[in-house]
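Data block for run05.tsv (TSV, C-alpha atoms):
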chain	number	residue	atom	x	y	z
A	1	MET	CA	73.31	102.52	113.60
A	2	GLU	CA	76.08	100.05	112.83
A	3	LYS	CA	79.63	101.32	113.28
A	4	ILE	CA	82.43	100.74	110.78
A	5	LEU	CA	86.13	101.41	111.28
A	6	VAL	CA	87.90	102.39	108.05
A	7	VAL	CA	91.71	102.18	108.05
A	8	ASP	CA	93.72	103.48	105.08
A	9	ASP	CA	96.73	105.78	104.85
A	10	GLU	CA	95.46	107.40	101.64
A	11	ALA	CA	93.13	110.27	102.54
A	12	ALA	CA	91.30	110.15	99.19
A	13	ILE	CA	90.40	106.47	99.66
A	14	ARG	CA	89.38	107.01	103.29
A	15	ASP	CA	87.14	109.90	102.29
A	16	LEU	CA	85.58	107.93	99.41
A	17	ILE	CA	84.79	104.96	101.63
A	18	GLN	CA	83.49	107.16	104.44
A	19	TYR	CA	81.20	109.07	102.07
A	20	ASN	CA	79.67	105.89	100.64
A	21	LEU	CA	79.30	104.08	103.96
A	22	THR	CA	77.72	107.15	105.58
A	23	ALA	CA	75.29	107.40	102.65
A	24	ALA	CA	74.42	103.73	103.23
A	25	GLY	CA	73.49	104.46	106.83
A	26	PHE	CA	76.64	103.43	108.71
A	27	ALA	CA	78.45	105.46	111.37
A	28	VAL	CA	82.10	105.67	110.27
A	29	THR	CA	85.31	106.15	112.24
A	30	THR	CA	88.60	106.46	110.35
A	31	ALA	CA	92.28	105.82	111.07
A	32	ASN	CA	95.37	106.30	108.89
A	33	ASP	CA	97.79	103.75	110.38
A	34	GLY	CA	97.78	100.28	111.89
A	35	LEU	CA	98.65	101.31	115.42
A	36	ALA	CA	95.70	103.71	115.59
A	37	ALA	CA	93.48	100.96	114.19
A	38	CYS	CA	94.44	98.60	117.03
A	39	GLN	CA	93.90	101.28	119.65
A	40	LEU	CA	90.47	102.21	118.29
A	41	ALA	CA	89.35	98.57	117.94
A	42	GLU	CA	90.35	97.89	121.54
A	43	ALA	CA	88.65	101.00	122.89
A	44	GLU	CA	85.35	100.74	121.02
A	45	ALA	CA	83.15	97.96	119.63
A	46	PHE	CA	82.76	98.13	115.83
A	47	ASP	CA	80.49	96.04	113.61
A	48	CYS	CA	83.07	95.74	110.81
A	49	ILE	CA	86.61	96.91	110.01
A	50	VAL	CA	87.68	97.89	106.50
A	51	LEU	CA	91.44	97.49	106.64
A	52	ASP	CA	94.08	98.38	104.06
A	53	LEU	CA	96.90	95.85	103.81
A	54	MET	CA	99.79	98.29	103.37
A	55	LEU	CA	99.77	100.64	106.36
A	56	PRO	CA	102.40	102.60	108.32
A	57	LYS	CA	103.33	101.55	111.89
A	58	ARG	CA	101.50	98.20	111.63
A	59	SER	CA	100.49	96.43	108.44
A	60	GLY	CA	97.00	95.12	107.87
A	61	VAL	CA	98.29	91.59	108.46
A	62	GLU	CA	99.84	92.66	111.78
A	63	VAL	CA	96.63	94.43	112.81
A	64	THR	CA	94.56	91.34	112.01
A	65	LYS	CA	96.91	89.05	113.91
A	66	TYR	CA	96.96	91.38	116.93
A	67	LEU	CA	93.17	91.79	117.10
A	68	ARG	CA	92.55	88.05	116.86
A	69	GLN	CA	95.14	87.40	119.56
A	70	GLN	CA	93.21	89.86	121.76
A	71	GLU	CA	90.04	87.88	120.94
A	72	ILE	CA	88.54	90.85	119.13
A	73	MET	CA	86.48	89.01	116.51
A	74	THR	CA	85.06	92.00	114.63
A	75	PRO	CA	84.63	91.05	110.95
A	76	ILE	CA	87.51	92.38	108.80
A	77	ILE	CA	87.48	93.19	105.08
A	78	MET	CA	91.01	93.69	103.74
A	79	LEU	CA	91.84	96.05	100.89
A	80	THR	CA	94.77	94.84	98.80
A	81	ALA	CA	96.67	95.60	95.61
A	82	ARG	CA	96.43	93.11	92.75
A	83	HIS	CA	99.93	91.68	93.14
A	84	GLU	CA	99.69	90.94	96.89
A	85	GLU	CA	98.22	87.42	96.64
A	86	ALA	CA	100.51	85.89	99.27
A	87	ASP	CA	99.54	88.60	101.75
A	88	LYS	CA	95.85	88.05	100.98
A	89	ILE	CA	96.26	84.38	101.90
A	90	ILE	CA	98.11	85.26	105.12
A	91	GLY	CA	95.50	87.84	106.08
A	92	LEU	CA	92.62	85.45	105.48
A	93	GLU	CA	94.40	82.68	107.34
A	94	LEU	CA	94.93	84.95	110.35
A	95	GLY	CA	91.24	85.71	110.55
A	96	ALA	CA	90.20	88.33	107.99
A	97	ASP	CA	86.70	87.57	106.68
A	98	ASP	CA	86.97	88.90	103.14
A	99	TYR	CA	89.17	90.97	100.85
A	100	MET	CA	88.75	93.36	97.96
A	101	THR	CA	91.33	94.26	95.37
A	102	LYS	CA	92.04	97.91	94.54
A	103	PRO	CA	90.60	99.64	92.60
A	104	PHE	CA	87.21	98.54	93.91
A	105	SER	CA	83.60	99.62	93.64
A	106	PRO	CA	82.35	101.45	96.76
A	107	ARG	CA	78.90	99.97	96.12
A	108	GLU	CA	80.38	96.47	96.15
A	109	LEU	CA	82.17	97.25	99.42
A	110	VAL	CA	78.85	98.32	100.97
A	111	ALA	CA	77.24	95.11	99.69
A	112	ARG	CA	80.02	92.95	101.15
A	113	ILE	CA	79.79	94.65	104.54
A	114	LYS	CA	76.04	94.03	104.59
A	115	ALA	CA	76.57	90.38	103.58
A	116	ILE	CA	79.08	89.82	106.36
A	117	ARG	CA	76.78	91.49	108.90
A	118	ARG	CA	73.90	89.25	107.80
A	119	ARG	CA	76.04	86.14	108.29
A	120	VAL	CA	77.07	87.27	111.76
A	121	GLN	CA	73.50	88.11	112.76
A	122	GLU	CA	71.75	85.07	111.24
A	123	PRO	CA	70.40	82.75	113.93
A	124	THR	CA	71.81	79.26	113.74
A	125	THR	CA	69.44	76.41	112.84
A	126	THR	CA	71.59	73.97	114.78
A	127	PRO	CA	69.88	72.55	117.89
A	128	LYS	CA	71.53	74.09	120.95
A	129	ASN	CA	72.27	70.67	122.41
A	130	ALA	CA	73.58	69.10	119.17
A	131	ARG	CA	76.77	67.23	120.01
A	132	VAL	CA	79.26	65.77	117.56
A	133	THR	CA	82.18	63.49	118.33
A	134	PHE	CA	85.30	62.69	116.37
A	135	GLY	CA	86.86	59.86	118.33
A	136	GLU	CA	88.00	61.44	121.59
A	137	ILE	CA	87.11	64.97	120.39
A	138	SER	CA	83.63	66.31	121.12
A	139	TRP	CA	81.90	69.48	119.98
A	140	GLN	CA	78.76	71.14	121.29
A	141	MET	CA	77.78	72.93	118.10
A	142	ASN	CA	76.83	76.25	119.67
A	143	GLU	CA	80.29	76.55	121.25
A	144	THR	CA	83.39	78.04	119.66
A	145	PHE	CA	85.73	75.37	120.97
A	146	LEU	CA	86.22	71.61	120.88
A	147	ARG	CA	86.72	69.43	123.95
A	148	GLN	CA	89.30	66.73	124.51
A	149	ALA	CA	89.82	65.08	127.90
A	150	GLY	CA	88.80	68.21	129.77
A	151	ARG	CA	90.81	70.56	127.54
A	152	GLU	CA	89.24	73.24	125.38
A	153	LEU	CA	90.55	73.60	121.81
A	154	PRO	CA	89.44	77.01	120.45
A	155	LEU	CA	88.10	77.38	116.92
A	156	THR	CA	88.66	80.45	114.78
A	157	ARG	CA	85.57	82.04	113.21
A	158	LYS	CA	86.24	80.41	109.84
A	159	GLU	CA	87.03	77.01	111.40
A	160	PHE	CA	83.71	77.25	113.26
A	161	GLU	CA	81.78	78.19	110.10
A	162	LEU	CA	83.50	75.52	107.99
A	163	LEU	CA	82.99	72.77	110.57
A	164	THR	CA	79.34	73.75	111.01
A	165	PHE	CA	78.75	73.51	107.25
A	166	LEU	CA	80.54	70.16	107.01
A	167	VAL	CA	78.62	68.69	109.96
A	168	HIS	CA	75.32	69.73	108.39
A	169	ASN	CA	76.47	67.90	105.25
A	170	ARG	CA	78.25	65.00	106.98
A	171	GLN	CA	78.86	61.84	104.97
A	172	LYS	CA	78.35	63.80	101.73
A	173	VAL	CA	81.08	64.72	99.27
A	174	ILE	CA	81.23	68.53	99.18
A	175	SER	CA	83.13	70.37	96.46
A	176	ARG	CA	85.56	73.17	97.18
A	177	GLN	CA	83.30	75.48	95.17
A	178	GLN	CA	80.32	74.65	97.40
A	179	ILE	CA	82.43	75.40	100.47
A	180	ILE	CA	83.66	78.70	98.99
A	181	LEU	CA	80.11	79.81	98.21
A	182	GLU	CA	78.61	78.76	101.53
A	183	VAL	CA	81.39	79.64	103.97
A	184	TRP	CA	83.10	82.57	102.24
A	185	GLN	CA	80.21	83.61	99.95
A	186	SER	CA	82.77	84.38	97.28
A	187	HIS	CA	83.62	83.43	93.72
A	188	GLU	CA	87.32	84.31	94.00
A	189	PRO	CA	89.66	81.52	92.80
A	190	ILE	CA	92.13	82.34	95.56
A	191	MET	CA	89.62	80.99	98.07
A	192	SER	CA	90.23	77.42	96.89
A	193	ARG	CA	93.62	77.57	98.57
A	194	MET	CA	91.98	78.98	101.69
A	195	VAL	CA	89.61	76.00	101.82
A	196	ASP	CA	92.56	73.61	101.77
A	197	MET	CA	94.34	75.59	104.50
A	198	GLN	CA	91.29	75.68	106.76
A	199	VAL	CA	90.72	71.96	106.23
A	200	SER	CA	94.34	71.38	107.26
A	201	HIS	CA	93.80	73.45	110.42
A	202	LEU	CA	90.65	71.50	111.29
A	203	ARG	CA	92.45	68.21	110.79
A	204	ASP	CA	95.09	69.35	113.26
A	205	LYS	CA	92.30	69.72	115.83
A	206	ILE	CA	89.99	66.73	115.19
A	207	GLU	CA	92.28	64.03	113.80
A	208	PRO	CA	94.45	61.70	115.91
A	209	ASP	CA	96.91	61.70	112.99
A	210	PRO	CA	96.27	64.67	110.63
A	211	LYS	CA	98.52	63.12	107.95
A	212	HIS	CA	96.25	60.06	107.85
A	213	PRO	CA	92.77	61.52	108.44
A	214	GLN	CA	89.89	59.35	109.64
A	215	PHE	CA	87.15	61.99	109.79
A	216	LEU	CA	87.82	64.87	107.38
A	217	LEU	CA	88.56	62.98	104.19
A	218	THR	CA	89.68	64.16	100.77
A	219	ALA	CA	87.57	63.24	97.75
A	220	ARG	CA	90.37	63.38	95.23
A	221	GLY	CA	89.80	65.87	92.42
A	222	PHE	CA	86.53	67.09	93.92
A	223	GLY	CA	86.48	68.19	97.54
A	224	TYR	CA	85.97	66.77	101.02
A	225	ARG	CA	83.75	64.44	103.04
A	226	LEU	CA	83.22	64.60	106.80
A	227	GLU	CA	82.64	61.42	108.81
A	228	VAL	CA	81.70	61.61	112.50
A	229	SER	CA	81.80	59.08	115.31
A	230	SER	CA	78.40	60.24	116.57
A	231	TYR	CA	75.83	63.02	116.15
A	232	GLU	CA	73.26	63.60	118.88
A	233	LYS	CA	70.53	66.23	118.92

Take the structure in the file and write it out as structure tokens.
Amino acid sequence: MEKILVVDDEAAIRDLIQYNLTAAGFAVTTANDGLAACQLAEAEAFDCIVLDLMLPKRSGVEVTKYLRQQEIMTPIIMLTARHEEADKIIGLELGADDYMTKPFSPRELVARIKAIRRRVQEPTTTPKNARVTFGEISWQMNETFLRQAGRELPLTRKEFELLTFLVHNRQKVISRQQIILEVWQSHEPIMSRMVDMQVSHLRDKIEPDPKHPQFLLTARGFGYRLEVSSYEK
């Protein structure tokens, strides 16, 4: 039975989520503040965390940042109010996997958790020895870090997923909408800004001069195109 941690300071919302997730076959643990969420996530392995943004003791953004710093990569779905767009962006940038705006449908939350779990569990079709180079940067595609002159450059989960998708579609122009659908599996317009941010982060890691990219190129008005120095299976 998959285990979900639900964190919200409103008892009615916690109870509603717990009822629906339990009915869907999940084992549910709850917390009512951010500090308790961090302690529980460190003490026990969960399959997903449903995390409210506005929490006492530690906010959802602070919880996300802390867990990712501790290399706890449990998928996180953030619950936010409609007017908190800037915080949604920050949360996603720090490593949250998805967000839902209150009020939300419990059935949709269950569906999103299942979708995230499928993505995590899906076996990769990338050959285990596939190796990509970007100038002096190399990447073994089953690893979560890049290599440069003996140094390891870690990738976040979303950087890994985005780079994998772009490598599979190298030398093709890919629209932001295609990236949103494939990497985030979302239709939310806010994700377009997330695509641009993640592209910027990847450029910082693979480009000799991120301001004048050679590999991750912008197709003005449409999306992006990835060029590689080499690709070896």

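Here CA of Met1 in chain A is placed at a distance of 25.4 Å from CA of Leu35 in chain A.
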
Sorted per-residue table, range 102-153 of chain A near range 11-14 of chain A, closest atoms and distance, 12 Å, all atoms listed in the file, as a Markdown table:
| residue | atom | partner | partner_atom | distance |
| --- | --- | --- | --- | --- |
| A:Lys102 | CA | A:Ile13 | CA | 10.1 |
| A:Pro103 | CA | A:Ile13 | CA | 9.8 |
| A:Phe104 | CA | A:Ile13 | CA | 10.3 |
| A:Ser105 | CA | A:Ile13 | CA | 11.4 |
| A:Pro106 | CA | A:Ile13 | CA | 9.9 |

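In terms of minimum interatomic distance to Lys114 in chain A, A:Ile77 ranks closest within A:Val173, A:Ile77, A:Val183, A:Ala43, counting only C-alpha atoms.
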
- Expected residue set, 12 Å radius at (85.1, 68.7, 114.7), all atoms listed in the file, as a PyMOL selection string: chain A and resi 131-141+143-148+153-155+159-168+170+199+201-208+214-216+226-231

Show me, as lines of an AutoDock Vina configuration file, the centre and edge lengths in Å to one decimal of the axis-aligned box that covers every listed atom of range 23-36 of chain A with 8 Å on each side.
center_x = 86.1
center_y = 103.8
center_z = 109.1
size_x = 41.2
size_y = 23.1
size_z = 28.9

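If you count all atoms listed in the file and ignore residues fewer than 2 places along the chain from Leu109 in chain A, what sits within 10 Å of it is A:Ile17, A:Asn20, A:Leu21, A:Val50, A:Ile77, A:Leu79, A:Tyr99, A:Met100, A:Phe104, A:Ser105, A:Pro106, A:Arg107, A:Ala111, A:Arg112, A:Ile113, A:Lys114, A:Ala115.
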
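Between CA of Gly95 in chain A and CA of Leu67 in chain A there is a distance of 9.1 Å.
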
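Proximity ranking of A:Ala96, A:Leu16, A:Val28, A:Ile179 relative to Lys65 in chain A places A:Ala96 first, based on only C-alpha atoms.
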
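If you measure from each of A:Glu71, A:Glu10, A:Asp15, A:Glu152 to Glu42 in chain A using all atoms listed in the file, the closest one turns out to be A:Glu71.
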
- re CA of Phe26 in chain A and CA of Met78 in chain A: distance 18.1 Å

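For the set A:Ile174, A:Ala41, A:Gly60, A:Arg225, the residue with the smallest atom-to-atom gap to Thr74 in chain A is A:Ala41, counting all atoms listed in the file.
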
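Nearest residue to Ala81 in chain A among A:Lys57, A:Asp52, A:Ala23, A:Leu181 is A:Asp52, counting only C-alpha atoms.
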
- Task: Pick out the residues sitting within 12 Å of Cys38 in chain A, and hand them over as a PyMOL selection string; count only C-alpha atoms, and ignore anything fewer than 3 positions along from it in its own chain.
- Result: chain A and resi 5-7+30-35+41-46+49+51+57-70+72+74

- Task: Please identify all polymer residues within 10 Å of Gly221 in chain A, counting all atoms listed in the file, omitting same-chain residues fewer than 2 positions from it, and present them as an MDAnalysis selection string.
- Result: chainID A and resid 175:176 218:219 223:224
